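Undergrad: See my_file.cif below, with mmCIF, C-alpha atoms and all ligand atoms.
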data_upload
loop_
_atom_site.label_atom_id
_atom_site.label_comp_id
_atom_site.auth_asym_id
_atom_site.auth_seq_id
_atom_site.Cartn_x
_atom_site.Cartn_y
_atom_site.Cartn_z
CA MET A 246 6.94 7.78 12.46
CA ALA A 247 3.71 7.09 10.59
CA GLY A 248 2.19 10.40 11.71
CA ARG A 249 5.24 12.33 10.61
CA ILE A 250 5.14 10.79 7.15
CA ILE A 251 1.44 11.60 6.67
CA GLU A 252 2.09 15.25 7.53
CA GLU A 253 4.87 15.59 4.95
CA ASP A 254 2.49 14.94 2.11
CA LYS A 255 4.85 14.90 -0.87
CA LYS A 256 7.25 12.62 0.94
CA LEU A 257 4.67 9.86 1.06
CA PRO A 258 4.26 7.82 -2.12
CA ALA A 259 0.63 7.67 -3.27
CA HIS A 260 1.27 4.32 -4.94
CA ILE A 261 3.77 1.67 -3.87
CA ALA A 262 4.45 -1.42 -5.98
CA LEU A 263 6.13 -4.51 -4.55
CA ILE A 264 8.11 -7.26 -6.22
CA MET A 265 7.94 -9.90 -3.51
CA ASP A 266 11.02 -11.94 -4.33
CA GLY A 267 12.89 -14.43 -2.17
CA ASN A 268 10.17 -16.64 -0.65
CA GLY A 269 11.73 -19.81 -2.08
CA ARG A 270 15.28 -19.01 -0.91
CA TRP A 271 13.98 -17.99 2.51
CA ALA A 272 12.23 -21.36 2.89
CA LYS A 273 15.17 -23.35 1.48
CA LYS A 274 17.52 -21.84 4.05
CA ARG A 275 15.17 -23.19 6.73
CA LEU A 276 14.99 -26.62 5.04
CA MET A 277 11.31 -26.02 4.34
CA PRO A 278 9.35 -26.41 1.09
CA ARG A 279 8.95 -23.39 -1.19
CA SER A 280 5.22 -23.37 -0.44
CA PHE A 281 6.07 -22.55 3.19
CA GLY A 282 7.95 -19.50 1.91
CA HIS A 283 4.95 -18.43 -0.15
CA LYS A 284 2.64 -18.78 2.88
CA LYS A 285 4.96 -16.59 4.97
CA GLY A 286 5.19 -14.24 1.99
CA MET A 287 1.44 -13.92 1.78
CA GLU A 288 1.20 -13.12 5.49
CA ARG A 289 3.93 -10.50 5.10
CA MET A 290 2.19 -9.06 2.03
CA ILE A 291 -0.99 -8.53 4.07
CA GLY A 292 0.96 -7.04 7.01
CA LEU A 293 2.77 -4.57 4.74
CA MET A 294 -0.47 -3.56 3.03
CA GLU A 295 -2.13 -2.88 6.39
CA HIS A 296 0.84 -0.81 7.48
CA ALA A 297 1.05 1.13 4.22
CA PHE A 298 -2.66 2.04 4.17
CA ASP A 299 -2.49 3.05 7.83
CA MET A 300 0.38 5.39 6.91
CA GLY A 301 -1.78 7.04 4.24
CA VAL A 302 -0.58 5.28 1.07
CA ARG A 303 -3.51 5.12 -1.37
CA TYR A 304 -2.53 2.42 -3.87
CA MET A 305 -0.49 -0.77 -3.69
CA THR A 306 0.37 -3.18 -6.47
CA VAL A 307 1.85 -6.56 -5.59
CA TYR A 308 3.45 -8.99 -8.04
CA ALA A 309 2.10 -12.37 -6.91
CA LEU A 310 2.60 -14.44 -10.08
CA SER A 311 4.08 -13.56 -13.44
CA THR A 312 3.07 -15.20 -16.71
CA GLU A 313 6.56 -16.74 -16.76
CA ASN A 314 6.04 -18.15 -13.22
CA LEU A 315 3.33 -20.41 -14.71
CA LYS A 316 6.20 -22.59 -16.00
CA ARG A 317 7.13 -23.52 -12.41
CA PRO A 318 6.59 -27.09 -11.13
CA GLN A 319 2.89 -27.88 -10.75
CA GLU A 320 3.39 -28.66 -7.06
CA GLU A 321 4.58 -25.11 -6.37
CA LEU A 322 1.76 -23.61 -8.42
CA ASN A 323 -0.79 -25.77 -6.58
CA GLY A 324 0.64 -24.43 -3.31
CA LEU A 325 0.00 -20.86 -4.49
CA PHE A 326 -3.52 -21.73 -5.71
CA ASP A 327 -4.25 -23.37 -2.34
CA LEU A 328 -3.16 -20.17 -0.59
CA ILE A 329 -5.74 -18.30 -2.65
CA ARG A 330 -8.39 -20.98 -1.99
CA ASN A 331 -7.80 -21.03 1.76
CA HIS A 332 -6.85 -17.49 2.72
CA PHE A 333 -7.27 -14.90 -0.03
CA SER A 334 -10.85 -13.72 0.61
CA GLN A 335 -10.42 -13.52 4.35
CA TYR A 336 -7.08 -11.69 4.20
CA MET A 337 -8.25 -9.29 1.53
CA SER A 338 -11.48 -8.43 3.32
CA ARG A 339 -9.32 -7.40 6.31
CA ILE A 340 -7.51 -4.82 4.18
CA CYS A 341 -10.41 -3.79 1.99
CA ALA A 342 -12.50 -2.97 5.09
CA ARG A 343 -10.44 0.25 5.06
CA GLY A 344 -12.37 1.28 1.93
CA VAL A 345 -9.85 -0.19 -0.50
CA ARG A 346 -10.88 -1.45 -3.92
CA LEU A 347 -9.31 -4.73 -5.07
CA LYS A 348 -8.30 -5.31 -8.68
CA ILE A 349 -6.74 -8.43 -10.08
CA ILE A 350 -4.43 -7.53 -12.95
CA GLY A 351 -3.25 -10.12 -15.46
CA ASP A 352 -4.75 -12.94 -17.50
CA ILE A 353 -6.44 -15.00 -14.81
CA SER A 354 -8.23 -17.14 -17.40
CA LEU A 355 -5.01 -19.21 -17.14
CA LEU A 356 -5.86 -20.15 -13.52
CA PRO A 357 -8.08 -23.01 -12.30
CA PRO A 358 -11.78 -22.00 -12.59
CA ASP A 359 -12.49 -22.17 -8.84
CA VAL A 360 -9.52 -19.85 -8.16
CA GLN A 361 -10.78 -17.40 -10.80
CA GLU A 362 -14.15 -17.39 -9.07
CA ILE A 363 -12.64 -16.58 -5.67
CA LEU A 364 -10.65 -13.71 -7.18
CA ARG A 365 -13.63 -12.26 -9.10
CA ASP A 366 -15.82 -12.59 -6.03
CA SER A 367 -13.27 -10.73 -3.84
CA GLU A 368 -13.01 -7.98 -6.48
CA GLN A 369 -16.77 -7.67 -6.73
CA LYS A 370 -17.17 -7.14 -2.98
CA THR A 371 -15.02 -3.99 -3.16
CA SER A 372 -16.20 -2.58 -6.50
CA HIS A 373 -18.02 0.33 -4.83
CA TYR A 374 -14.86 1.76 -3.25
CA GLU A 375 -12.97 4.63 -4.85
CA GLY A 376 -9.75 6.52 -4.18
CA LYS A 377 -7.79 3.66 -2.59
CA GLY A 378 -6.81 0.45 -4.29
CA ILE A 379 -4.86 -2.80 -4.26
CA ASN A 380 -3.80 -4.42 -7.51
CA VAL A 381 -2.83 -8.05 -7.21
CA ALA A 382 -0.84 -9.05 -10.30
CA LEU A 383 -1.52 -12.68 -11.18
CA CYS A 384 -0.53 -14.29 -14.51
CA TYR A 385 0.72 -10.79 -15.21
CA GLY A 386 3.32 -9.56 -17.69
CA ALA A 387 3.83 -5.89 -18.52
CA ARG A 388 4.51 -6.47 -22.20
CA ALA A 389 1.29 -8.47 -22.51
CA GLU A 390 -0.55 -5.67 -20.69
CA ILE A 391 0.81 -3.11 -23.17
CA VAL A 392 -0.09 -5.27 -26.18
CA ARG A 393 -3.59 -5.78 -24.75
CA ALA A 394 -4.00 -2.01 -24.38
CA ALA A 395 -2.68 -1.45 -27.91
CA ASN A 396 -5.26 -3.89 -29.28
CA LEU A 397 -8.03 -2.09 -27.38
CA ALA A 398 -6.80 1.15 -28.94
CA ILE A 399 -6.88 -0.40 -32.42
CA GLU A 400 -10.46 -1.57 -31.83
CA ARG A 401 -11.44 1.99 -30.91
CA GLY A 402 -9.63 3.36 -33.94
CA GLU A 403 -8.91 6.73 -32.33
CA PRO A 404 -5.52 8.49 -32.18
CA LEU A 405 -3.77 7.96 -28.85
CA THR A 406 -2.15 10.25 -26.34
CA GLU A 407 0.03 9.03 -23.50
CA ALA A 408 -2.82 9.79 -21.11
CA SER A 409 -5.47 7.97 -23.13
CA PHE A 410 -3.15 4.96 -23.55
CA SER A 411 -2.56 4.83 -19.78
CA GLU A 412 -6.31 4.59 -19.30
CA LEU A 413 -6.36 1.37 -21.34
CA LEU A 414 -3.90 -0.38 -19.04
CA TYR A 415 -5.15 -2.47 -16.10
CA THR A 416 -4.18 0.42 -13.83
CA GLY A 417 -6.22 3.00 -15.76
CA GLY A 418 -7.53 5.76 -13.51
CA GLN A 419 -4.86 5.19 -10.85
CA PRO A 420 -1.71 7.21 -10.18
CA ASP A 421 1.48 5.59 -11.51
CA PRO A 422 3.63 3.92 -8.85
CA ASP A 423 5.91 6.46 -7.17
CA LEU A 424 8.00 3.83 -5.44
CA ILE A 425 8.76 0.27 -6.56
CA ILE A 426 10.33 -1.99 -3.96
CA ARG A 427 11.99 -5.27 -4.86
CA THR A 428 13.20 -7.66 -2.18
CA GLY A 429 15.42 -10.73 -2.64
CA LYS A 430 18.70 -9.16 -3.82
CA GLU A 431 17.83 -9.05 -7.53
CA VAL A 432 18.04 -5.69 -9.29
CA ARG A 433 15.56 -5.81 -12.17
CA LEU A 434 11.91 -5.16 -12.99
CA SER A 435 11.12 -8.61 -14.44
CA ASN A 436 8.37 -7.43 -16.79
CA PHE A 437 6.48 -5.57 -14.03
CA LEU A 438 4.58 -2.31 -14.72
CA LEU A 439 6.99 -1.27 -17.47
CA TRP A 440 4.86 1.62 -18.75
CA GLN A 441 3.76 2.80 -15.32
CA ALA A 442 7.32 2.67 -13.89
CA ALA A 443 8.57 5.48 -16.16
CA TYR A 444 9.23 7.89 -13.26
CA ALA A 445 9.08 5.53 -10.29
CA GLU A 446 11.88 5.54 -7.74
CA LEU A 447 13.34 2.03 -7.54
CA TYR A 448 14.31 0.57 -4.15
CA PHE A 449 16.10 -2.76 -3.84
CA SER A 450 16.43 -4.69 -0.60
CA ASP A 451 18.77 -7.60 0.06
CA LYS A 452 16.22 -9.08 2.43
CA MET A 453 14.12 -12.05 1.35
CA PHE A 454 10.44 -11.08 1.18
CA PRO A 455 9.23 -13.01 4.28
CA GLU A 456 11.75 -11.09 6.38
CA PHE A 457 10.93 -7.61 5.00
CA THR A 458 9.39 -5.92 8.05
CA ASP A 459 7.05 -2.97 8.52
CA SER A 460 10.04 -0.95 9.64
CA ASP A 461 11.90 -1.93 6.42
CA LEU A 462 8.92 -0.49 4.56
CA GLU A 463 9.18 2.71 6.58
CA LYS A 464 12.89 2.89 5.73
CA ALA A 465 12.09 2.54 2.02
CA ILE A 466 9.49 5.30 2.31
CA GLU A 467 11.97 7.54 4.13
CA TRP A 468 14.51 6.88 1.36
CA TYR A 469 11.82 7.80 -1.18
CA GLY A 470 11.04 11.01 0.73
CA ALA A 471 14.67 12.09 0.42
CA ARG A 472 14.73 11.72 -3.39
CA THR A 473 14.40 14.76 -5.61
CA ARG A 474 11.89 13.94 -8.32
CA ARG A 475 12.58 16.23 -11.23
CA PHE A 476 10.50 14.52 -13.96
CA GLY A 477 13.00 15.80 -16.52
CA LYS A 478 13.17 19.39 -15.17
CA THR A 479 16.11 21.13 -13.47
CA ASP A 480 16.32 21.68 -9.72
CA GLU A 481 15.63 25.41 -10.27
CA GLN A 482 12.40 24.71 -12.14
CA LEU A 483 10.90 22.64 -9.33
C1 LIG A 501 8.93 -14.79 -6.08
O1 LIG A 501 9.85 -15.31 -5.13
C2 LIG A 501 7.61 -14.86 -5.51
C3 LIG A 501 6.54 -15.45 -6.11
C4 LIG A 501 6.63 -16.09 -7.43
C5 LIG A 501 5.25 -15.54 -5.43
C6 LIG A 501 4.89 -14.36 -4.58
C7 LIG A 501 3.70 -14.69 -3.79
C8 LIG A 501 3.46 -14.28 -2.52
C9 LIG A 501 4.33 -13.38 -1.76
C10 LIG A 501 2.29 -14.69 -1.75
C11 LIG A 501 1.15 -15.19 -2.48
C12 LIG A 501 0.18 -14.17 -2.82
C13 LIG A 501 -0.90 -14.47 -3.54
C14 LIG A 501 -1.91 -13.43 -3.79
C15 LIG A 501 -1.12 -15.82 -4.10
P1 LIG A 501 10.38 -16.78 -5.27
O2 LIG A 501 9.49 -17.68 -4.52
O3 LIG A 501 10.60 -17.08 -6.70
O4 LIG A 501 11.71 -16.74 -4.46
P2 LIG A 501 13.15 -17.27 -4.88
O5 LIG A 501 13.66 -16.27 -5.90
O6 LIG A 501 13.88 -17.21 -3.60
O7 LIG A 501 13.03 -18.65 -5.42
#
Can you give me the file's structure in the form of structure tokens?

TA:
Amino acid sequence: MAGRIIEEDKKLPAHIALIMDGNGRWAKKRLMPRSFGHKKGMERMIGLMEHAFDMGVRYMTVYALSTENLKRPQEELNGLFDLIRNHFSQYMSRICARGVRLKIIGDISLLPPDVQEILRDSEQKTSHYEGKGINVALCYGARAEIVRAANLAIERGEPLTEASFSELLYTGGQPDPDLIIRTGKEVRLSNFLLWQAAYAELYFSDKMFPEFTDSDLEKAIEWYGARTRRFGKTDEQL
């Protein structure tokens, strides 16, 4: 399966973005705390990243915490911060050993200082890699990202093009996501990569994130491979 996808170049998305929804509901169904769902979610996130990079995907963006999620009960947030404290560096170094550069996207100044340090340190260790990347969205909101980029543009005082504006986003220099996958039965983007998603194919799964398997990812990629991406043109022009 993986080999076949790599051969059919255009059928493989260069950049996959993931909205990892459903950890809480998955845990609740098992009478477990939400933090248990997040732990399973983090393990699944790492497994899917390994599988995707092994298949030849070059970029992955994962939505780990939105700005709005910061309003959640402190206990749940502490659970997520503890996951970063206890597992983030080790898990990420496993993936990044494949030559993958890590970027944290979002306003992490809103996180506890020790957590910020772990994230910056993990980023730093991979800063020499090029061509493959993971973006972990934390305290992220797409509208805030766009406003931030607009303010950078104002500071520069130069006229913008779509391409030069894209460069000012957190994802500057990377291909836009080709495929955005959302688990957890909801059918919305929830303020995720709004600019970058302009031509992404959107795939929604009813599965809760902890139960979204490697073979579910392959199915999503196969579905993507069967789409005709016209980017506004007609079939005949392609
Ligand atoms: C949304 O589902 C998920 C989150 C807010 C957290 C996602 C985090 C992970 C998958 C792992 C942690 C990764 C890092 C890098 C810290 P939900 O929990 O709101 O699910 P629900 O809709 O069922 O309540």

Undergrad: Check every protein, DNA and RNA residue against ligand LIG 501 (chain A), keep those with an atom at most 8 Å away (counting only C-alpha atoms and all ligand atoms), and present them as an MDAnalysis selection string.

TA: chainID A and resid 264:272 279 282:290 308:311 314 325:326 328:329 333 381:383 429 453:455

Undergrad: What's the separation between atom CA of A:Lys452 and atom CA of A:Leu263, in Å to one decimal place?

TA: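 For atom CA of A:Lys452 relative to atom CA of A:Leu263, the distance reads 13.1 Å.
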
Undergrad: Tell me which of A:Ile350, A:Cys341, A:Leu364, A:Leu447 sits closest to A:Tyr415, counting only C-alpha atoms.

TA: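 That would be A:Ile350, the residue with the smallest distance to A:Tyr415.
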
Undergrad: A:Ile379, A:Ile349, A:Ile425, A:Val307: which is nearest A:Arg365, counting all atoms listed in the file?

TA: A:Ile349

Undergrad: Work out how far atom CA of A:Gly351 is from atom CA of A:Ser280, in Å to one decimal.

TA: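 Distance reported for this atom pair: 21.7 Å.
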
Undergrad: Any idea what's packed within 9 Å of A:Arg339, counting all atoms listed in the file, ignoring anything in its chain fewer than 5 positions away? Could you give it as a list in words?

TA: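 Listed by chain and then number, they are Ile291, Glu295 and Ser334 of chain A.
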
Undergrad: Could you pull the residues within 10 Å of A:Ala297, counting all atoms listed in the file, minus those fewer than 3 positions along the same chain, as a PyMOL selection string?

TA: chain A and resi 247+257-261+291-294+300-305+459+462-463+466

Undergrad: Counting all atoms listed in the file, which of A:Gln335, A:Gln419, A:Ser409, A:Gln361 gets nearest to A:Gly376?

TA: A:Gln419

Undergrad: Closest to A:Tyr374 among A:Leu397, A:Ala445, A:Leu315, A:Val345, using all atoms listed in the file?

TA: A:Val345

Undergrad: Work out how far apart atom CA of A:Asn380 and atom CA of A:Asp421 are and give it in Å to one decimal.

TA: 12.0 Å

Undergrad: Could you give me, as a PyMOL selection string, the residues within 8 Å of A:Ser450, counting all atoms listed in the file and dropping anything in the same chain fewer than 5 positions from it?

TA: chain A and resi 426-430

Undergrad: Could you check the closest approach to A:Asn396 for each of A:Lys255, A:Leu414, A:Gly344, A:Glu467 and tell me which residue wins, using only C-alpha atoms?

TA: A:Leu414
